[in-house]
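Report on the structure given below.
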Amino acid sequence: MIYLFLTHDPPGLNHERNYQRKFSQRRNELVEGIREKGIGDEQVLMAIQAVPRHLFMDTALERKAYEDTALPISCGQTISQPFTVAAQTELLEVKKGSKILEIGTGSGYQAAILCHMGAEVYSVERHEFLYQNAKKLLSTLGYRATLKLGDGTVGWSAYAPYDGIVVTAGAPVVPEDLIGQLKIGGMLVVPVGSQKSQQMIRVIRESEESFREEKLQNFKFVPLIGEKGWG
Ligand code: SAM
């Protein structure tokens, strides 16, 4: 009888391991770059380290996945720059079990980051193709987010109130309906300005009637289109 002992992994498996190692190294470099740009929340950095951003874009762009840059997805939209995702997430002060609403699901990457941090995630997208794609991908990767196709400028009242709401497209003004869907102590993070440049605004609901607004860095987002957005 002949016994065959396999001392090496099959070539396909080695290839897959090298491929994953390569992405993991690039993710480390990305995380260090984002840390140097001022993100200090370790939970956010660990989520950026863990979520495979290259799976949230066309395979032709994979090699750019761990550069700190926004990249095109379908429907003329973008997956946000990792630093922007990290900055918005840090501003939300996410804790395990925080109930977070995202407006602008896009690729699903920001939703995956929030899920990885243990948030209960709700997300609204206006393009059906992106909504379907993100729904399938998040479920395949085991991220449990509840997604909806629709106009997020009016929020998602069925699940309100939220600990945090993050808008990942540029709004002309702070959308009123969204601040009304915050818990007391909850925060809305939204880029507001022209279609060319927006300032990041954080609105904190201090009581039933009072809100505090903080004005932060400038960013550039695709426009928030809808009833309470750019029309
Ligand atoms: N968070 C996304 C990600 O991780 O890929 C980034 C998405 S991109 C910068 C902004 C998204 O907002 C686009 O997918 C766009 O279609 C969506 N959007 C714009 N206006 C919207 C609205 N009123 N309701 C829902 N989604 C909207």
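A note on labels: chains of the structure tokens are A, B, ... as shown, every chain counts residues from 1, and ligands are counted from 1 in their shown order.
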Can you write out as JSON lines which residues of chain A fall within 6 Å of ligand 1, alongside each residue's closest atom pair and its distance in Å to one decimal, counting only C-alpha atoms and all ligand atoms and ordering rows by chain and ascending residue number?
{"residue": "A:Gln77", "atom": "CA", "partner": "ligand 1", "partner_atom_place_in_ligand_line": "13 (C)", "distance": 5.2}
{"residue": "A:Thr78", "atom": "CA", "partner": "ligand 1", "partner_atom_place_in_ligand_line": "8 (S)", "distance": 4.7}
{"residue": "A:Ile79", "atom": "CA", "partner": "ligand 1", "partner_atom_place_in_ligand_line": "5 (O)", "distance": 3.7}
{"residue": "A:Ser80", "atom": "CA", "partner": "ligand 1", "partner_atom_place_in_ligand_line": "9 (C)", "distance": 4.9}
{"residue": "A:Ile103", "atom": "CA", "partner": "ligand 1", "partner_atom_place_in_ligand_line": "25 (C)", "distance": 5.2}
{"residue": "A:Gly104", "atom": "CA", "partner": "ligand 1", "partner_atom_place_in_ligand_line": "12 (O)", "distance": 3.2}
{"residue": "A:Thr105", "atom": "CA", "partner": "ligand 1", "partner_atom_place_in_ligand_line": "1 (N)", "distance": 4.7}
{"residue": "A:Gly106", "atom": "CA", "partner": "ligand 1", "partner_atom_place_in_ligand_line": "14 (O)", "distance": 3.3}
{"residue": "A:Ser107", "atom": "CA", "partner": "ligand 1", "partner_atom_place_in_ligand_line": "5 (O)", "distance": 3.8}
{"residue": "A:Gly108", "atom": "CA", "partner": "ligand 1", "partner_atom_place_in_ligand_line": "4 (O)", "distance": 4.9}
{"residue": "A:Tyr109", "atom": "CA", "partner": "ligand 1", "partner_atom_place_in_ligand_line": "4 (O)", "distance": 3.9}
{"residue": "A:Gln110", "atom": "CA", "partner": "ligand 1", "partner_atom_place_in_ligand_line": "4 (O)", "distance": 3.8}
{"residue": "A:Val124", "atom": "CA", "partner": "ligand 1", "partner_atom_place_in_ligand_line": "25 (C)", "distance": 5.0}
{"residue": "A:Glu125", "atom": "CA", "partner": "ligand 1", "partner_atom_place_in_ligand_line": "26 (N)", "distance": 3.7}
{"residue": "A:Arg126", "atom": "CA", "partner": "ligand 1", "partner_atom_place_in_ligand_line": "25 (C)", "distance": 4.2}
{"residue": "A:His127", "atom": "CA", "partner": "ligand 1", "partner_atom_place_in_ligand_line": "16 (O)", "distance": 5.4}
{"residue": "A:Gly150", "atom": "CA", "partner": "ligand 1", "partner_atom_place_in_ligand_line": "24 (N)", "distance": 5.9}
{"residue": "A:Asp151", "atom": "CA", "partner": "ligand 1", "partner_atom_place_in_ligand_line": "24 (N)", "distance": 3.9}
{"residue": "A:Gly152", "atom": "CA", "partner": "ligand 1", "partner_atom_place_in_ligand_line": "24 (N)", "distance": 3.5}
{"residue": "A:Thr153", "atom": "CA", "partner": "ligand 1", "partner_atom_place_in_ligand_line": "23 (N)", "distance": 4.7}
{"residue": "A:Thr168", "atom": "CA", "partner": "ligand 1", "partner_atom_place_in_ligand_line": "10 (C)", "distance": 5.0}
{"residue": "A:Ala169", "atom": "CA", "partner": "ligand 1", "partner_atom_place_in_ligand_line": "10 (C)", "distance": 4.6}
{"residue": "A:Phe221", "atom": "CA", "partner": "ligand 1", "partner_atom_place_in_ligand_line": "9 (C)", "distance": 5.8}
{"residue": "A:Val222", "atom": "CA", "partner": "ligand 1", "partner_atom_place_in_ligand_line": "9 (C)", "distance": 5.6}
{"residue": "A:Pro223", "atom": "CA", "partner": "ligand 1", "partner_atom_place_in_ligand_line": "19 (C)", "distance": 5.9}
{"residue": "A:Leu224", "atom": "CA", "partner": "ligand 1", "partner_atom_place_in_ligand_line": "20 (N)", "distance": 3.6}
{"residue": "A:Ile225", "atom": "CA", "partner": "ligand 1", "partner_atom_place_in_ligand_line": "20 (N)", "distance": 4.0}
{"residue": "A:Gly226", "atom": "CA", "partner": "ligand 1", "partner_atom_place_in_ligand_line": "23 (N)", "distance": 4.3}
Can you write out as CSV which residues of segment 61-168 of chain A fall within 6 Å of segment 182-201 of chain A, alongside each residue's closest atom pair and its distance in Å to one decimal, counting only C-alpha atoms and ordering rows by chain and ascending residue number?
residue,atom,partner,partner_atom,distance
A:Pro161,CA,A:Leu182,CA,5.0
A:Tyr162,CA,A:Leu182,CA,4.9
A:Asp163,CA,A:Gly186,CA,4.4
A:Gly164,CA,A:Met187,CA,4.8
A:Ile165,CA,A:Leu188,CA,4.7
A:Val166,CA,A:Val189,CA,4.8
A:Val167,CA,A:Val190,CA,4.9
Just N, CA and C atoms for this one: save the residues we selected as an mmCIF file, in the first residue's frame.
data_model
loop_
_atom_site.group_PDB
_atom_site.id
_atom_site.type_symbol
_atom_site.label_atom_id
_atom_site.label_comp_id
_atom_site.auth_asym_id
_atom_site.auth_seq_id
_atom_site.Cartn_x
_atom_site.Cartn_y
_atom_site.Cartn_z
ATOM 1 N N PRO A 161 -36.199 56.206 18.105
ATOM 2 C CA PRO A 161 -35.072 57.125 18.005
ATOM 3 C C PRO A 161 -33.722 56.385 17.976
ATOM 4 N N TYR A 162 -32.711 57.090 17.487
ATOM 5 C CA TYR A 162 -31.370 56.512 17.316
ATOM 6 C C TYR A 162 -30.350 57.169 18.252
ATOM 7 N N ASP A 163 -29.318 56.398 18.602
ATOM 8 C CA ASP A 163 -28.183 56.965 19.361
ATOM 9 C C ASP A 163 -27.326 57.816 18.438
ATOM 10 N N GLY A 164 -27.295 57.442 17.166
ATOM 11 C CA GLY A 164 -26.468 58.180 16.219
ATOM 12 C C GLY A 164 -27.055 58.093 14.829
ATOM 13 N N ILE A 165 -26.903 59.177 14.073
ATOM 14 C CA ILE A 165 -27.289 59.171 12.654
ATOM 15 C C ILE A 165 -26.108 59.734 11.883
ATOM 16 N N VAL A 166 -25.689 59.029 10.842
ATOM 17 C CA VAL A 166 -24.576 59.506 10.025
ATOM 18 C C VAL A 166 -25.046 59.643 8.583
ATOM 19 N N VAL A 167 -24.811 60.810 8.017
ATOM 20 C CA VAL A 167 -25.182 61.058 6.620
ATOM 21 C C VAL A 167 -23.898 61.011 5.816
#
Test item: residues at most 10 Å from Met117 of chain A, only C-alpha atoms, excluding those fewer than 5 positions along its chain, as a PDB file with C-alpha atoms, in the first residue's frame:
ATOM      1  CA  GLN A  43     -12.362  50.682  18.202  1.00  0.00           C
ATOM      2  CA  VAL A  44     -12.650  52.591  14.937  1.00  0.00           C
ATOM      3  CA  MET A  46      -9.657  48.058  14.763  1.00  0.00           C
ATOM      4  CA  ALA A  47     -12.755  48.045  12.565  1.00  0.00           C
ATOM      5  CA  ILE A  48     -10.814  49.579   9.639  1.00  0.00           C
ATOM      6  CA  THR A  89     -17.527  57.001  12.901  1.00  0.00           C
ATOM      7  CA  VAL A  94     -20.321  54.242  18.887  1.00  0.00           C
ATOM      8  CA  LYS A  95     -20.656  51.753  21.732  1.00  0.00           C
ATOM      9  CA  LYS A  96     -21.668  48.075  21.604  1.00  0.00           C
ATOM     10  CA  GLY A  97     -25.415  48.020  21.023  1.00  0.00           C
ATOM     11  CA  SER A  98     -25.658  51.668  19.863  1.00  0.00           C
ATOM     12  CA  ALA A 111     -22.382  49.908   7.541  1.00  0.00           C
ATOM     13  CA  ALA A 112     -19.898  47.016   7.867  1.00  0.00           C
TER      14      ALA A 112
END
Worksheet item: atom CA of Asn28 of chain A to atom CA of Asp68 of chain A: how many Å, to one decimal?
Response: 12.0 Å
Fill in: Residues near Ala65 of chain A, cut-off 9 Å, only C-alpha atoms, skip fewer than 2 positions along chain, as a ChimeraX atom specification
/A:23,26-27,52-57,61-63,67-69,71
Same residues, N, CA, C and O atoms, output as a compact mmCIF listing (two decimals), in the first residue's frame:
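Writing the result to part-v1.txt gives the following:
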# COMPACT_ATOMS: atom_id res chain seq x y z
N PHE A 23 -3.22 41.88 1.54
CA PHE A 23 -4.25 42.85 1.90
C PHE A 23 -4.13 43.24 3.37
O PHE A 23 -4.35 44.38 3.75
N ARG A 26 -1.44 45.78 3.82
CA ARG A 26 -1.86 47.10 3.31
C ARG A 26 -2.86 47.74 4.26
O ARG A 26 -2.89 48.95 4.43
N ARG A 27 -3.72 46.90 4.88
CA ARG A 27 -4.68 47.44 5.85
C ARG A 27 -3.95 48.01 7.06
O ARG A 27 -4.32 49.04 7.58
N PRO A 52 -12.74 43.94 5.23
CA PRO A 52 -12.05 43.81 3.93
C PRO A 52 -12.59 44.78 2.88
O PRO A 52 -13.46 44.44 2.09
N ARG A 53 -12.06 46.02 2.89
CA ARG A 53 -12.60 47.07 1.99
C ARG A 53 -12.56 46.66 0.52
O ARG A 53 -13.40 47.08 -0.27
N HIS A 54 -11.57 45.80 0.16
CA HIS A 54 -11.45 45.44 -1.26
C HIS A 54 -12.67 44.68 -1.78
O HIS A 54 -12.89 44.62 -2.98
N LEU A 55 -13.47 44.12 -0.88
CA LEU A 55 -14.66 43.39 -1.33
C LEU A 55 -15.84 44.31 -1.61
O LEU A 55 -16.86 43.87 -2.12
N PHE A 56 -15.73 45.58 -1.27
CA PHE A 56 -16.84 46.53 -1.41
C PHE A 56 -16.71 47.35 -2.70
O PHE A 56 -17.33 48.40 -2.82
N MET A 57 -15.89 46.88 -3.62
CA MET A 57 -15.71 47.62 -4.89
C MET A 57 -15.49 46.63 -6.03
O MET A 57 -15.31 45.42 -5.79
N LEU A 61 -10.61 47.54 -9.18
CA LEU A 61 -10.07 48.61 -8.32
C LEU A 61 -9.41 48.08 -7.05
O LEU A 61 -8.88 48.86 -6.26
N GLU A 62 -9.48 46.76 -6.86
CA GLU A 62 -8.98 46.13 -5.63
C GLU A 62 -7.61 46.61 -5.18
O GLU A 62 -7.37 46.81 -4.01
N ARG A 63 -6.70 46.80 -6.16
CA ARG A 63 -5.33 47.16 -5.79
C ARG A 63 -5.26 48.54 -5.15
O ARG A 63 -4.29 48.88 -4.51
N GLU A 67 -5.63 52.30 -0.31
CA GLU A 67 -5.12 53.67 -0.39
C GLU A 67 -6.18 54.53 0.30
O GLU A 67 -7.37 54.21 0.25
N ASP A 68 -5.74 55.62 0.93
CA ASP A 68 -6.69 56.46 1.65
C ASP A 68 -7.38 57.42 0.69
O ASP A 68 -7.12 58.62 0.69
N THR A 69 -8.24 56.85 -0.14
CA THR A 69 -8.90 57.64 -1.16
C THR A 69 -10.32 57.11 -1.43
O THR A 69 -10.57 55.91 -1.27
N LEU A 71 -13.27 55.98 -3.91
CA LEU A 71 -13.20 55.27 -5.19
C LEU A 71 -14.61 55.14 -5.78
O LEU A 71 -15.59 55.09 -5.03
Worksheet item: Leaving out Ala160 of chain A and any residue of its chain fewer than 6 positions from it, which residues lie within 12 Å of it when counting only C-alpha atoms, given as a PyMOL selection string?
Response: chain A and resi 99-101+121-122+154+177-184+186
Practice prompt. Using backbone DSSP assignments, extract all alpha helix (DSSP H) residues from segment 71-104 of chain A; output them as a list in words.
Written response: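 Secondary structure check on segment 71-104 of chain A, alpha helix (DSSP H): Pro82, Phe83, Thr84, Val85, Ala86, Ala87, Gln88, Thr89, Glu90, Leu91 and Leu92 of chain A.
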Worksheet item: When you draw a straight line from atom CA of Cys115 of chain A to atom CA of Lys64 of chain A, how long is it in Å?
Response: 23.4 Å
Item to complete: Have a look at atom CA of Ser24 of chain A and atom CA of Ser74 of chain A and let me know their distance in Å, one decimal.
Response: 25.4 Å
Practice prompt. Just the strand (DSSP E) stuff from segment 66-188 of chain A, please, per backbone DSSP, written as a VMD selection string.
Written response: chain A and resid 71 to 72 78 to 79 99 to 103 120 to 125 145 to 149 162 to 167 182 to 188
Deliver the residues from the most recent selection as a file, using C-alpha atoms, as a JSON list (two decimals), in the first residue's frame.
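To be explicit, this is the file written out as selection_32.json:
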[["chain", "number", "residue", "atom", "x", "y", "z"],
["A", 71, "LEU", "CA", -13.20, 55.27, -5.19],
["A", 72, "PRO", "CA", -16.03, 54.97, -7.72],
["A", 78, "THR", "CA", -18.34, 56.59, -4.41],
["A", 79, "ILE", "CA", -17.12, 54.51, -1.50],
["A", 99, "LYS", "CA", -28.54, 52.05, 17.46],
["A", 100, "ILE", "CA", -27.18, 53.84, 14.39],
["A", 101, "LEU", "CA", -28.93, 55.05, 11.24],
["A", 102, "GLU", "CA", -26.81, 55.63, 8.16],
["A", 103, "ILE", "CA", -28.11, 57.69, 5.22],
["A", 120, "GLU", "CA", -27.28, 47.86, 15.62],
["A", 121, "VAL", "CA", -27.23, 49.28, 12.11],
["A", 122, "TYR", "CA", -30.01, 50.69, 9.91],
["A", 123, "SER", "CA", -29.11, 52.15, 6.54],
["A", 124, "VAL", "CA", -31.04, 53.83, 3.69],
["A", 125, "GLU", "CA", -29.95, 54.04, 0.03],
["A", 145, "ALA", "CA", -27.53, 45.50, 9.05],
["A", 146, "THR", "CA", -31.15, 46.36, 8.25],
["A", 147, "LEU", "CA", -31.30, 48.11, 4.87],
["A", 148, "LYS", "CA", -33.99, 50.10, 3.11],
["A", 149, "LEU", "CA", -34.43, 51.48, -0.39],
["A", 162, "TYR", "CA", -31.37, 56.51, 17.32],
["A", 163, "ASP", "CA", -28.18, 56.96, 19.36],
["A", 164, "GLY", "CA", -26.47, 58.18, 16.22],
["A", 165, "ILE", "CA", -27.29, 59.17, 12.65],
["A", 166, "VAL", "CA", -24.58, 59.51, 10.02],
["A", 167, "VAL", "CA", -25.18, 61.06, 6.62],
["A", 182, "LEU", "CA", -32.33, 61.32, 17.72],
["A", 183, "LYS", "CA", -32.54, 60.03, 21.29],
["A", 184, "ILE", "CA", -31.72, 62.57, 23.99],
["A", 185, "GLY", "CA", -27.92, 62.42, 24.10],
["A", 186, "GLY", "CA", -27.89, 61.16, 20.51],
["A", 187, "MET", "CA", -25.73, 62.67, 17.75],
["A", 188, "LEU", "CA", -26.21, 63.48, 14.08]]
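When only C-alpha atoms are used to compute distances to Gln88 of chain A, the closest of the residues A:Leu114, A:Leu141, A:Ala171, A:Val31 turns out to be A:Leu114.
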Worksheet item: Hey, which of A:Gly118, A:Pro82, A:Pro175, A:Gly170 ends up closest to Gly33 of chain A? Count only C-alpha atoms.
Response: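 Distance minimum relative to Gly33 of chain A lands on A:Pro82.
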